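Shown next: model-v9.txt, containing compact mmCIF, C-alpha atoms.
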```
# COMPACT_ATOMS: atom_id res chain seq x y z
CA MET A 244 13.39 -16.55 -7.77
CA GLN A 245 10.68 -13.92 -7.42
CA ASP A 246 9.32 -11.86 -10.26
CA LEU A 247 11.33 -8.59 -10.39
CA ASP A 248 8.31 -6.30 -10.41
CA ARG A 249 6.95 -7.89 -7.24
CA ILE A 250 10.37 -7.59 -5.58
CA ARG A 251 10.51 -3.89 -6.44
CA PHE A 252 6.92 -3.28 -5.26
CA VAL A 253 7.28 -5.11 -1.93
CA THR A 254 10.63 -3.45 -1.20
CA ARG A 255 9.30 0.01 -2.00
CA HIS A 256 6.10 -0.45 0.06
CA PHE A 257 7.55 -2.73 2.75
CA HIS A 258 6.59 -0.41 5.63
CA GLU A 259 2.99 -0.04 4.45
CA LEU A 260 2.55 -3.76 3.82
CA ARG A 261 3.26 -4.57 7.46
CA GLY A 262 -0.48 -4.79 8.07
CA LEU A 263 -0.24 -6.17 11.62
CA SER A 264 1.67 -3.15 12.85
CA GLN A 265 -0.96 -0.45 12.14
CA GLN A 266 -4.07 -1.36 10.21
CA VAL A 267 -5.12 -4.52 12.03
CA PRO A 268 -4.86 -3.04 15.58
CA SER A 269 -6.56 0.25 14.59
CA GLY A 270 -9.24 -1.66 12.65
CA MET A 271 -9.89 -3.98 15.62
CA PHE A 272 -10.35 -0.99 17.90
CA ILE A 273 -12.83 0.70 15.55
CA LEU A 274 -14.64 -2.60 14.84
CA GLY A 275 -14.98 -3.24 18.60
CA GLU A 276 -16.36 0.28 19.10
CA GLY A 277 -19.15 -0.53 16.66
CA ALA A 278 -19.79 -4.15 17.65
CA ILE A 279 -20.03 -3.50 21.41
CA TYR A 280 -23.28 -1.58 20.86
CA PHE A 281 -25.00 -4.69 19.49
CA VAL A 282 -23.86 -7.05 22.28
CA HIS A 283 -26.22 -7.12 25.24
CA SER A 284 -24.76 -9.95 27.37
CA PRO A 285 -22.27 -8.64 30.02
CA ALA A 286 -19.97 -11.66 29.59
CA LEU A 287 -19.79 -11.13 25.83
CA SER A 288 -19.26 -7.40 26.35
CA TRP A 289 -16.18 -8.09 28.50
CA LEU A 290 -14.86 -10.53 25.90
CA LEU A 291 -15.42 -7.97 23.16
CA LEU A 292 -13.72 -5.27 25.24
CA PHE A 293 -10.72 -7.61 25.56
CA PHE A 294 -10.63 -8.02 21.76
CA GLN A 295 -11.13 -4.29 21.29
CA ILE A 296 -8.37 -3.07 23.60
CA ALA A 297 -6.02 -5.75 24.94
CA VAL A 298 -5.55 -7.70 21.70
CA PRO A 299 -4.80 -4.64 19.49
CA ILE A 300 -2.31 -3.30 22.07
CA GLY A 301 -0.63 -6.73 22.19
CA VAL A 302 -0.50 -6.95 18.39
CA LEU A 303 0.85 -3.40 18.19
CA LEU A 304 3.63 -4.10 20.70
CA LEU A 305 4.68 -7.46 19.29
CA SER A 306 4.36 -6.79 15.56
CA SER A 307 7.32 -4.42 15.31
CA SER A 308 9.84 -6.96 16.64
CA TYR A 309 8.09 -9.77 14.71
CA TYR A 310 8.56 -7.93 11.39
CA GLN A 311 12.15 -7.02 12.28
CA ARG A 312 13.00 -10.63 13.20
CA THR A 313 11.15 -12.27 10.29
CA PHE A 314 11.65 -9.91 7.37
CA GLY A 315 14.61 -7.77 8.38
CA GLN A 316 14.96 -4.06 7.83
CA VAL A 317 14.40 -1.74 4.88
CA GLU A 318 15.05 2.01 4.80
CA ARG A 319 12.84 3.94 2.41
CA LEU A 320 14.17 6.11 -0.40
CA PRO A 321 14.03 9.82 0.55
CA ARG A 322 11.42 10.43 -2.21
CA ASP A 323 9.10 7.83 -0.58
CA LEU A 324 9.28 9.45 2.87
CA PRO A 325 6.53 11.86 3.93
CA LEU A 326 9.25 14.22 5.18
CA GLN A 327 12.64 14.68 3.58
CA PRO A 328 15.83 16.46 4.72
CA VAL A 329 16.36 19.78 2.92
CA PRO A 330 19.63 21.74 3.24
CA LEU A 331 19.33 25.22 4.77
CA SER A 332 21.53 28.08 3.66
CA ILE A 333 23.24 28.05 7.08
CA TYR A 334 26.67 26.47 7.33
CA SER A 335 28.31 25.39 10.53
CA SER A 336 31.64 23.73 11.29
CA ALA A 337 29.74 20.42 11.38
CA GLY A 338 28.66 20.87 7.75
CA THR A 339 25.40 21.79 6.02
CA THR A 340 22.41 22.28 8.33
CA LEU A 341 19.37 20.23 7.39
CA ARG A 342 15.70 20.58 8.22
CA LEU A 343 12.82 18.19 7.56
CA ALA A 344 10.29 19.41 5.03
CA ARG A 345 7.18 17.92 3.45
CA GLN A 346 7.48 16.50 -0.05
CA PRO A 347 6.34 18.94 -2.75
CA VAL A 348 2.68 18.47 -3.69
CA SER A 349 2.44 16.59 -6.99
CA PRO A 350 0.03 17.68 -9.75
CA GLY A 351 -1.68 14.25 -9.52
CA TRP A 352 -2.37 14.79 -5.81
CA LEU A 353 -3.77 18.27 -6.52
CA ARG A 354 -6.02 16.92 -9.31
CA GLY A 355 -7.23 14.12 -7.00
CA SER A 356 -8.02 16.59 -4.19
CA LEU A 357 -9.92 18.82 -6.60
CA LEU A 358 -11.98 15.86 -7.87
CA ALA A 359 -12.70 14.78 -4.28
CA ALA A 360 -13.85 18.32 -3.39
CA LEU A 361 -16.12 18.38 -6.46
CA ALA A 362 -17.57 14.95 -5.60
CA TRP A 363 -18.24 16.09 -2.03
CA ALA A 364 -19.91 19.28 -3.29
CA LEU A 365 -22.12 17.16 -5.56
CA PHE A 366 -23.08 14.79 -2.71
CA SER A 367 -23.91 17.72 -0.40
CA THR A 368 -26.01 19.47 -3.05
CA LEU A 369 -27.93 16.26 -3.79
CA ARG A 370 -28.55 15.74 -0.09
CA ALA A 371 -29.79 19.32 0.27
CA ILE A 372 -32.26 19.14 -2.63
CA ASN A 373 -33.55 15.61 -1.97
CA PRO A 374 -36.03 14.65 0.76
CA THR A 375 -34.24 13.46 3.91
CA VAL A 376 -35.03 10.51 6.16
CA THR A 377 -35.20 10.94 9.93
CA VAL A 378 -35.01 7.82 12.07
CA GLN A 379 -36.49 7.34 15.51
CA TRP A 380 -34.53 4.86 17.66
CA GLY A 381 -36.99 3.87 20.44
CA ASN A 382 -38.09 7.15 21.98
CA VAL A 383 -35.13 9.12 20.66
CA THR A 384 -35.25 10.95 17.35
CA GLU A 385 -31.77 11.15 15.81
CA PRO A 386 -30.21 14.59 15.44
CA ARG A 387 -30.61 16.07 11.96
CA TRP A 388 -26.85 16.32 11.46
CA MET A 389 -26.20 12.61 12.14
CA PRO A 390 -26.86 11.28 8.58
CA PHE A 391 -24.75 14.12 7.18
CA LEU A 392 -21.89 13.29 9.56
CA LEU A 393 -22.04 9.58 8.67
CA GLN A 394 -22.09 10.36 4.97
CA ALA A 395 -19.01 12.56 5.46
CA MET A 396 -17.30 9.70 7.31
CA TYR A 397 -18.07 7.20 4.53
CA PHE A 398 -16.72 9.70 2.03
CA LEU A 399 -13.56 10.29 4.05
CA PHE A 400 -12.97 6.55 4.60
CA GLY A 401 -13.60 5.89 0.90
CA MET A 402 -11.04 8.53 -0.06
CA VAL A 403 -8.51 7.03 2.37
CA PHE A 404 -8.88 3.60 0.70
CA LEU A 405 -8.84 5.08 -2.80
CA GLY A 406 -5.75 7.17 -1.97
CA THR A 407 -3.97 4.09 -0.64
CA TRP A 408 -4.74 2.15 -3.82
CA LEU A 409 -3.48 5.01 -6.03
CA ARG A 410 -0.33 5.46 -3.92
CA ARG A 411 0.37 1.74 -4.24
CA GLU A 412 0.64 2.00 -8.00
CA ARG A 413 -2.96 0.90 -8.81
CA ARG A 414 -1.94 -2.77 -8.75
CA LEU A 415 -4.35 -5.64 -9.24
CA SER A 416 -2.85 -7.37 -6.19
CA GLN A 417 -3.98 -4.35 -4.12
CA ALA A 418 -7.48 -4.21 -5.66
CA TYR A 419 -9.12 -4.85 -2.28
CA TYR A 420 -8.43 -1.20 -1.43
CA LEU A 421 -10.36 -0.22 -4.54
CA VAL A 422 -13.24 -2.54 -3.58
CA PHE A 423 -13.44 -1.00 -0.07
CA ALA A 424 -13.22 2.51 -1.59
CA ILE A 425 -16.12 1.74 -3.96
CA LEU A 426 -18.17 0.34 -1.06
CA MET A 427 -17.59 3.39 1.16
CA LEU A 428 -17.97 5.98 -1.61
CA GLY A 429 -21.06 4.10 -2.83
CA LEU A 430 -22.62 4.39 0.63
CA ALA A 431 -21.72 8.10 0.71
CA ALA A 432 -23.35 8.58 -2.70
CA LEU A 433 -26.41 6.57 -1.62
CA GLY A 434 -26.70 8.84 1.41
CA SER A 435 -27.24 11.75 -0.96
CA ILE A 436 -30.37 10.23 -2.49
CA GLU A 437 -31.59 8.01 0.34
CA GLY A 438 -34.84 9.97 0.70
CA LEU A 439 -35.77 9.16 -2.89
CA VAL A 440 -34.62 5.54 -2.60
CA VAL A 441 -36.51 4.89 0.63
CA ARG A 442 -39.65 6.59 -0.70
CA SER A 443 -39.65 4.50 -3.89
CA LEU A 444 -38.82 1.21 -2.16
CA PHE A 445 -40.71 1.32 1.11
CA ASP A 446 -44.16 0.44 -0.29
CA ARG A 447 -42.97 -2.85 -1.81
CA GLU A 448 -42.34 -6.07 0.11
CA MET A 449 -38.74 -6.50 -1.13
CA GLY A 450 -38.15 -2.76 -0.90
CA ARG A 451 -39.02 -2.71 2.77
CA ALA A 452 -36.40 -5.43 3.43
CA ALA A 453 -33.84 -3.43 1.43
CA THR A 454 -34.52 -0.25 3.41
CA MET A 455 -34.17 -2.22 6.67
CA ILE A 456 -30.55 -2.88 5.62
CA LEU A 457 -29.91 0.49 3.98
CA VAL A 458 -31.24 2.81 6.66
CA PRO A 459 -29.13 1.51 9.61
CA ALA A 460 -26.02 1.58 7.39
CA LEU A 461 -26.65 5.27 6.66
CA HIS A 462 -27.98 6.36 10.07
CA ASP A 463 -26.24 4.32 12.74
CA ARG A 464 -22.66 5.30 13.52
CA HIS A 465 -22.01 1.86 15.03
CA VAL A 466 -22.69 0.20 11.65
CA ASN A 467 -20.35 2.76 10.10
CA TYR A 468 -17.62 1.78 12.61
CA ILE A 469 -18.20 -1.91 11.89
CA PHE A 470 -17.85 -1.39 8.12
CA TYR A 471 -14.71 0.70 8.40
CA GLY A 472 -13.10 -1.39 11.17
CA ALA A 473 -13.76 -4.65 9.31
CA ALA A 474 -12.41 -3.18 6.06
CA MET A 475 -9.24 -2.00 7.84
CA VAL A 476 -8.66 -5.37 9.52
CA LEU A 477 -9.22 -7.22 6.24
CA ALA A 478 -6.96 -4.86 4.27
CA GLY A 479 -4.22 -5.17 6.92
CA LEU A 480 -4.43 -8.97 6.90
CA LEU A 481 -4.36 -9.11 3.09
CA ASP A 482 -1.31 -6.78 3.05
CA HIS A 483 0.39 -9.03 5.58
CA LEU A 484 -0.43 -12.13 3.50
CA GLN A 485 1.01 -10.47 0.40
CA LEU A 486 4.23 -9.72 2.28
CA LEU A 487 4.36 -13.33 3.53
CA ARG A 488 3.79 -14.69 0.02
CA VAL A 489 6.44 -12.58 -1.69
CA ALA A 490 9.09 -12.46 1.04
CA LYS A 491 8.78 -16.11 2.02
CA GLY A 492 12.52 -16.71 1.89
CA MET B 191 24.19 -1.39 -36.65
CA SER B 192 24.63 -4.34 -34.22
CA THR B 193 22.34 -7.38 -34.28
CA PRO B 194 20.32 -8.34 -31.16
CA PHE B 195 22.81 -11.19 -30.59
CA GLU B 196 25.72 -8.79 -30.45
CA GLN B 197 23.76 -6.51 -28.12
CA LEU B 198 22.95 -9.52 -25.93
CA ALA B 199 26.65 -10.40 -25.75
CA HIS B 200 27.45 -6.86 -24.58
CA LEU B 201 24.97 -6.81 -21.69
CA ASP B 202 26.50 -6.03 -18.31
CA ARG B 203 27.14 -9.54 -16.92
CA ARG B 204 27.51 -8.22 -13.36
CA VAL B 205 23.87 -7.15 -13.49
CA HIS B 206 22.40 -9.68 -15.95
CA ASP B 207 22.70 -12.72 -13.64
CA PRO B 208 19.13 -13.45 -12.31
CA ALA B 209 20.12 -13.55 -8.64
CA ARG B 210 22.19 -10.36 -8.84
CA LEU B 211 19.44 -8.65 -10.84
CA ALA B 212 16.94 -9.53 -8.09
CA ILE B 213 19.27 -8.11 -5.42
CA LEU B 214 19.90 -4.92 -7.40
CA THR B 215 16.18 -4.50 -8.17
CA ALA B 216 15.33 -4.69 -4.46
CA LEU B 217 18.13 -2.25 -3.57
CA SER B 218 17.07 0.19 -6.29
CA ALA B 219 13.63 0.48 -4.61
CA CYS B 220 14.99 1.49 -1.19
CA GLU B 221 17.72 3.52 0.49
CA ARG B 222 19.26 0.41 2.07
CA ALA B 223 18.18 -3.05 3.22
CA ASP B 224 19.64 -5.63 5.56
CA PHE B 225 20.88 -9.12 4.72
CA LEU B 226 17.79 -10.85 6.13
CA PHE B 227 15.41 -8.84 3.99
CA LEU B 228 17.44 -9.50 0.85
CA GLN B 229 17.49 -13.19 1.68
CA ARG B 230 13.70 -13.28 2.18
CA ILE B 231 12.84 -11.26 -0.90
CA THR B 232 15.19 -13.04 -3.33
CA GLY B 233 14.75 -16.54 -1.90
CA LEU B 234 18.53 -17.16 -2.03
CA THR B 235 20.41 -19.20 0.56
CA LYS B 236 22.76 -17.38 2.96
CA GLY B 237 25.84 -18.69 1.14
CA ASN B 238 24.55 -17.77 -2.30
CA LEU B 239 23.51 -14.30 -1.20
CA SER B 240 26.88 -13.68 0.48
CA SER B 241 28.73 -14.75 -2.62
CA HIS B 242 26.64 -12.54 -4.93
CA LEU B 243 26.97 -9.57 -2.56
CA ALA B 244 30.74 -10.05 -2.47
CA LYS B 245 30.84 -9.95 -6.29
CA LEU B 246 28.65 -6.85 -6.39
CA GLN B 247 30.82 -5.15 -3.75
CA GLU B 248 33.96 -6.06 -5.70
CA ALA B 249 32.42 -4.41 -8.77
CA ALA B 250 31.62 -1.33 -6.60
CA LEU B 251 27.90 -1.69 -7.40
CA VAL B 252 26.90 -1.97 -3.73
CA GLU B 253 28.22 -0.63 -0.43
CA ILE B 254 28.12 -2.92 2.59
CA GLU B 255 28.10 -1.73 6.19
CA LYS B 256 28.26 -4.02 9.21
CA ARG B 257 27.08 -2.92 12.63
CA PHE B 258 26.10 -4.43 15.96
CA LEU B 259 22.44 -4.52 16.88
CA GLU B 260 21.38 -6.24 20.12
CA LYS B 261 24.68 -8.19 20.28
CA LYS B 262 24.23 -9.46 16.71
CA THR B 263 25.93 -8.34 13.54
CA GLN B 264 23.62 -6.63 11.13
CA THR B 265 24.69 -6.30 7.50
CA LEU B 266 23.22 -3.33 5.68
CA VAL B 267 23.52 -3.10 1.91
CA ARG B 268 23.08 0.01 -0.22
CA LEU B 269 23.22 0.54 -3.97
CA SER B 270 26.20 2.77 -4.84
CA GLY B 271 25.98 5.61 -7.35
CA THR B 272 27.76 3.38 -9.89
CA GLY B 273 25.30 0.59 -9.05
CA ARG B 274 22.29 2.81 -9.66
CA GLU B 275 23.72 3.90 -13.02
CA ALA B 276 24.51 0.28 -13.92
CA VAL B 277 20.93 -0.86 -13.17
CA GLU B 278 19.42 2.05 -15.14
CA GLY B 279 21.86 1.40 -18.02
CA TYR B 280 20.99 -2.31 -17.99
CA TRP B 281 17.25 -1.63 -18.35
CA ARG B 282 17.93 0.89 -21.13
CA GLU B 283 19.98 -1.74 -22.99
CA MET B 284 17.24 -4.34 -22.46
CA GLU B 285 14.68 -1.94 -23.96
CA GLU B 286 16.92 -1.32 -26.98
CA LEU B 287 17.50 -5.07 -27.32
CA ARG B 288 13.76 -5.74 -27.27
CA ALA B 289 13.16 -3.09 -29.94
CA SER B 290 15.94 -4.36 -32.20
CA ALA B 291 14.79 -7.99 -31.74
CA VAL B 292 11.36 -6.98 -33.07
CA ARG B 293 12.95 -5.29 -36.12
CA TRP B 294 15.58 -7.95 -36.77
CA ARG B 295 15.47 -10.16 -39.91
CA PRO B 296 18.25 -12.60 -40.97
CA ALA B 297 20.44 -11.10 -43.72
CA ASN B 298 19.61 -13.77 -46.31
CA ALA B 299 16.01 -14.35 -45.23
CA VAL B 300 13.42 -14.77 -47.99
CA LEU B 301 9.78 -14.35 -47.15
CA VAL B 302 7.84 -17.36 -48.50
CA PRO B 303 4.06 -17.29 -48.43
CA SER B 304 2.67 -20.14 -46.34
CA THR B 305 0.73 -22.85 -48.21
```
Could you render the structure from this file as structure tokens?
Amino acid sequence: MQDLDRIRFVTRHFHELRGLSQQVPSGMFILGEGAIYFVHSPALSWLLLFFQIAVPIGVLLLSSSYYQRTFGQVERLPRDLPLQPVPLSIYSSAGTTLRLARQPVSPGWLRGSLLAALAWALFSTLRAINPTVTVQWGNVTEPRWMPFLLQAMYFLFGMVFLGTWLRRERRLSQAYYLVFAILMLGLAALGSIEGLVVRSLFDREMGRAATMILVPALHDRHVNYIFYGAAMVLAGLLDHLQLLRVAKG
Amino acid sequence: MSTPFEQLAHLDRRVHDPARLAILTALSACERADFLFLQRITGLTKGNLSSHLAKLQEAALVEIEKRFLEKKTQTLVRLSGTGREAVEGYWREMEELRASAVRWRPANAVLVPST
């Protein structure tokens, strides 16, 4: 017999824990988008393209019937749905007329959004007052907005992971979302002070090696795609494993 | 004031059974679930699950609907209003029981300092 709390959690979040149906295919696509840039052999590029497009589409198509056949069906409580039916003040012979409406915004969500906006304002201010780093890839100098865009993406991805962890009741078994959120938000925060970091590190032997890792992570969108895609695939697989472990029959 | 043992004796037996409690816990976290899901999540055999569901239906704690899906019968189970109240009441009683068990001392108990 399963522990009651785990039963309640898995039943309530059954749709989100079906990692193979959304996160793994989307993550594979994003991961492939980043990885293909670093592959120079045509044969490997074709193989990667297969893993980027054909495999995720296959997984997407098959996963729905797999989950239905293996784990059965669960209908969410109206309060857990993003949209809920609300009665309108119009009555017909068929009964009360309903329309779908968004759930009311909770105070916790508002507080979280406000904190996120403040954090983003802080990151942007730090970036504006600190020296910036411009990278030259071969003969091409990167556009000035690129590091800002990548920092925004890390911030957004970090908030997505953090939001997922909070929505899933801040459980220890879901802590990988928190780890990915810290990694992404950490990179966004580092982007704000990278000029200072690079300046202080670059003259030392170890520092130069560290900047060789740090700078591509903050300036190359393909590295950004690899981080986010890999995190999504991993999170989806771990969700799926959790579902398998709890609902093993 | 009742002792924890008396409170324990008055717990709702329809809910208190571990297998039925697992079924009701799962159903309280969703609108409705099918037989396969309940079997997977509780780890019960088909026969056991059927028998517990029949008892819960008899007690009007769950509502069962059968329908055809791709030429197969699908059994959908939902917690009834009475069922939801029974589960909430059960957890309230368990909380009270826990609190009174912490407070409880035997009537003729004498505290002896340990040597």
Could the residues of chain B within 12 Å of chain A, counting all atoms listed in the file, be given as a CSV table (one decimal) with C-alpha atoms, keeping the file's coordinate frame, please?
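The resulting file, iface_36.csv, is shown below:
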```csv
chain,number,residue,atom,x,y,z
B,207,ASP,CA,22.7,-12.7,-13.6
B,208,PRO,CA,19.1,-13.4,-12.3
B,209,ALA,CA,20.1,-13.6,-8.6
B,210,ARG,CA,22.2,-10.4,-8.8
B,211,LEU,CA,19.4,-8.6,-10.8
B,212,ALA,CA,16.9,-9.5,-8.1
B,213,ILE,CA,19.3,-8.1,-5.4
B,214,LEU,CA,19.9,-4.9,-7.4
B,215,THR,CA,16.2,-4.5,-8.2
B,216,ALA,CA,15.3,-4.7,-4.5
B,217,LEU,CA,18.1,-2.2,-3.6
B,218,SER,CA,17.1,0.2,-6.3
B,219,ALA,CA,13.6,0.5,-4.6
B,220,CYS,CA,15.0,1.5,-1.2
B,221,GLU,CA,17.7,3.5,0.5
B,222,ARG,CA,19.3,0.4,2.1
B,223,ALA,CA,18.2,-3.0,3.2
B,224,ASP,CA,19.6,-5.6,5.6
B,225,PHE,CA,20.9,-9.1,4.7
B,226,LEU,CA,17.8,-10.8,6.1
B,227,PHE,CA,15.4,-8.8,4.0
B,228,LEU,CA,17.4,-9.5,0.8
B,229,GLN,CA,17.5,-13.2,1.7
B,230,ARG,CA,13.7,-13.3,2.2
B,231,ILE,CA,12.8,-11.3,-0.9
B,232,THR,CA,15.2,-13.0,-3.3
B,233,GLY,CA,14.8,-16.5,-1.9
B,234,LEU,CA,18.5,-17.2,-2.0
B,235,THR,CA,20.4,-19.2,0.6
B,236,LYS,CA,22.8,-17.4,3.0
B,239,LEU,CA,23.5,-14.3,-1.2
B,259,LEU,CA,22.4,-4.5,16.9
B,260,GLU,CA,21.4,-6.2,20.1
B,262,LYS,CA,24.2,-9.5,16.7
B,264,GLN,CA,23.6,-6.6,11.1
B,265,THR,CA,24.7,-6.3,7.5
B,266,LEU,CA,23.2,-3.3,5.7
B,267,VAL,CA,23.5,-3.1,1.9
B,268,ARG,CA,23.1,0.0,-0.2
B,269,LEU,CA,23.2,0.5,-4.0
```
Atomic distance CA of Tyr468 in chain A - CA of Arg354 in chain A, expressed in Å with one decimal: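 Separation between CA of Tyr468 in chain A and CA of Arg354 in chain A: 29.1 Å.
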What is the CA of Asp202 in chain B-CA of Glu283 in chain B distance in Å, reported with one decimal?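 Result for CA of Asp202 in chain B versus CA of Glu283 in chain B: 9.1 Å, one decimal.
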Using only C-alpha atoms, collect all residues at a distance of at most 8 Å from (-15.3, -5.0, 14.6) as written in the file, then present them as a list in words.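 Residues satisfying the cut-off, written out: Gly270, Met271, Phe272, Ile273, Leu274, Gly275, Glu276, Gly277, Ala278, Gln295, Tyr468, Ile469, Phe470, Gly472 and Ala473 of chain A.
Atom pair CA of Trp388 in chain A / CA of Ala432 in chain A: separated by 16.5 Å.
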Identify which of the residues A:Met389, A:Leu291, A:Met475, A:Leu361 lies closest to Phe404 in chain A, counting all atoms listed in the file when measuring atom-to-atom distances.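 Residue with the minimum atom-to-atom distance to Phe404 in chain A: A:Met475.
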Exercise: range 357-360 of chain A partners within 12 Å, all atoms listed in the file, chain neighbours under 3 positions left out, as JSON, numbers by chain: {"A": [350, 351, 352, 353, 354, 363, 364, 365, 366, 367, 395, 398, 399, 401, 402, 403, 405, 406, 428]}
Long-range neighbours of Leu393 in chain A as a VMD selection string, 12 Å cut-off, only C-alpha atoms, 3 positions minimum in chain: chain A and resid 386 to 390 396 to 400 427 to 428 430 to 435 458 to 468 470 to 471
Using only C-alpha atoms, determine which residues lie at most 12 Å from Gln265 in chain A, disregarding the query and same-chain residues fewer than 4 positions distant; provide the list as an MDAnalysis selection string. chainID A and resid 258:261 269:272 299:307 475:476 478:480 482:483
Assuming the input is short of atoms at range 269-290 of chain A, produce N, CA and C atoms for that part as a PDB file, in the frame of the given file.
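Okay, out.pdb is ready:
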```pdb
ATOM      1  N   SER A 269      -5.627  -0.886  14.648  1.00  0.00           N
ATOM      2  CA  SER A 269      -6.560   0.250  14.590  1.00  0.00           C
ATOM      3  C   SER A 269      -7.937  -0.224  14.145  1.00  0.00           C
ATOM      4  N   GLY A 270      -7.963  -1.130  13.150  1.00  0.00           N
ATOM      5  CA  GLY A 270      -9.240  -1.660  12.650  1.00  0.00           C
ATOM      6  C   GLY A 270      -9.982  -2.423  13.731  1.00  0.00           C
ATOM      7  N   MET A 271      -9.243  -3.206  14.537  1.00  0.00           N
ATOM      8  CA  MET A 271      -9.890  -3.980  15.620  1.00  0.00           C
ATOM      9  C   MET A 271     -10.518  -3.041  16.643  1.00  0.00           C
ATOM     10  N   PHE A 272      -9.817  -1.948  16.930  1.00  0.00           N
ATOM     11  CA  PHE A 272     -10.350  -0.990  17.900  1.00  0.00           C
ATOM     12  C   PHE A 272     -11.651  -0.368  17.391  1.00  0.00           C
ATOM     13  N   ILE A 273     -11.641   0.053  16.131  1.00  0.00           N
ATOM     14  CA  ILE A 273     -12.830   0.700  15.550  1.00  0.00           C
ATOM     15  C   ILE A 273     -13.975  -0.315  15.430  1.00  0.00           C
ATOM     16  N   LEU A 274     -13.630  -1.534  14.989  1.00  0.00           N
ATOM     17  CA  LEU A 274     -14.640  -2.600  14.840  1.00  0.00           C
ATOM     18  C   LEU A 274     -15.294  -2.897  16.197  1.00  0.00           C
ATOM     19  N   GLY A 275     -14.463  -2.977  17.250  1.00  0.00           N
ATOM     20  CA  GLY A 275     -14.980  -3.240  18.600  1.00  0.00           C
ATOM     21  C   GLY A 275     -15.901  -2.130  19.069  1.00  0.00           C
ATOM     22  N   GLU A 276     -15.550  -0.886  18.724  1.00  0.00           N
ATOM     23  CA  GLU A 276     -16.360   0.280  19.100  1.00  0.00           C
ATOM     24  C   GLU A 276     -17.772   0.178  18.513  1.00  0.00           C
ATOM     25  N   GLY A 277     -17.838  -0.363  17.292  1.00  0.00           N
ATOM     26  CA  GLY A 277     -19.150  -0.530  16.660  1.00  0.00           C
ATOM     27  C   GLY A 277     -19.877  -1.748  17.177  1.00  0.00           C
ATOM     28  N   ALA A 278     -19.148  -2.868  17.310  1.00  0.00           N
ATOM     29  CA  ALA A 278     -19.790  -4.150  17.650  1.00  0.00           C
ATOM     30  C   ALA A 278     -20.330  -4.156  19.078  1.00  0.00           C
ATOM     31  N   ILE A 279     -19.645  -3.445  19.984  1.00  0.00           N
ATOM     32  CA  ILE A 279     -20.030  -3.500  21.410  1.00  0.00           C
ATOM     33  C   ILE A 279     -21.465  -2.994  21.629  1.00  0.00           C
ATOM     34  N   TYR A 280     -21.936  -2.139  20.745  1.00  0.00           N
ATOM     35  CA  TYR A 280     -23.280  -1.580  20.860  1.00  0.00           C
ATOM     36  C   TYR A 280     -24.344  -2.654  20.638  1.00  0.00           C
ATOM     37  N   PHE A 281     -24.015  -3.664  19.838  1.00  0.00           N
ATOM     38  CA  PHE A 281     -25.000  -4.690  19.490  1.00  0.00           C
ATOM     39  C   PHE A 281     -24.940  -5.912  20.416  1.00  0.00           C
ATOM     40  N   VAL A 282     -23.996  -5.912  21.357  1.00  0.00           N
ATOM     41  CA  VAL A 282     -23.860  -7.050  22.280  1.00  0.00           C
ATOM     42  C   VAL A 282     -24.535  -6.666  23.601  1.00  0.00           C
ATOM     43  N   HIS A 283     -25.470  -7.486  24.034  1.00  0.00           N
ATOM     44  CA  HIS A 283     -26.220  -7.120  25.240  1.00  0.00           C
ATOM     45  C   HIS A 283     -25.842  -7.968  26.463  1.00  0.00           C
ATOM     46  N   SER A 284     -25.149  -9.112  26.220  1.00  0.00           N
ATOM     47  CA  SER A 284     -24.760  -9.950  27.370  1.00  0.00           C
ATOM     48  C   SER A 284     -23.494  -9.377  28.017  1.00  0.00           C
ATOM     49  N   PRO A 285     -23.461  -9.213  29.358  1.00  0.00           N
ATOM     50  CA  PRO A 285     -22.270  -8.640  30.020  1.00  0.00           C
ATOM     51  C   PRO A 285     -21.004  -9.463  29.780  1.00  0.00           C
ATOM     52  N   ALA A 286     -21.151 -10.814  29.791  1.00  0.00           N
ATOM     53  CA  ALA A 286     -19.970 -11.660  29.590  1.00  0.00           C
ATOM     54  C   ALA A 286     -19.380 -11.423  28.204  1.00  0.00           C
ATOM     55  N   LEU A 287     -20.259 -11.353  27.207  1.00  0.00           N
ATOM     56  CA  LEU A 287     -19.790 -11.130  25.830  1.00  0.00           C
ATOM     57  C   LEU A 287     -19.195  -9.732  25.679  1.00  0.00           C
ATOM     58  N   SER A 288     -19.780  -8.770  26.420  1.00  0.00           N
ATOM     59  CA  SER A 288     -19.260  -7.400  26.350  1.00  0.00           C
ATOM     60  C   SER A 288     -17.823  -7.344  26.860  1.00  0.00           C
ATOM     61  N   TRP A 289     -17.546  -8.059  27.960  1.00  0.00           N
ATOM     62  CA  TRP A 289     -16.180  -8.090  28.500  1.00  0.00           C
ATOM     63  C   TRP A 289     -15.218  -8.731  27.521  1.00  0.00           C
ATOM     64  N   LEU A 290     -15.694  -9.823  26.884  1.00  0.00           N
ATOM     65  CA  LEU A 290     -14.860 -10.530  25.900  1.00  0.00           C
ATOM     66  C   LEU A 290     -14.555  -9.599  24.726  1.00  0.00           C
TER      67      LEU A 290
END
```
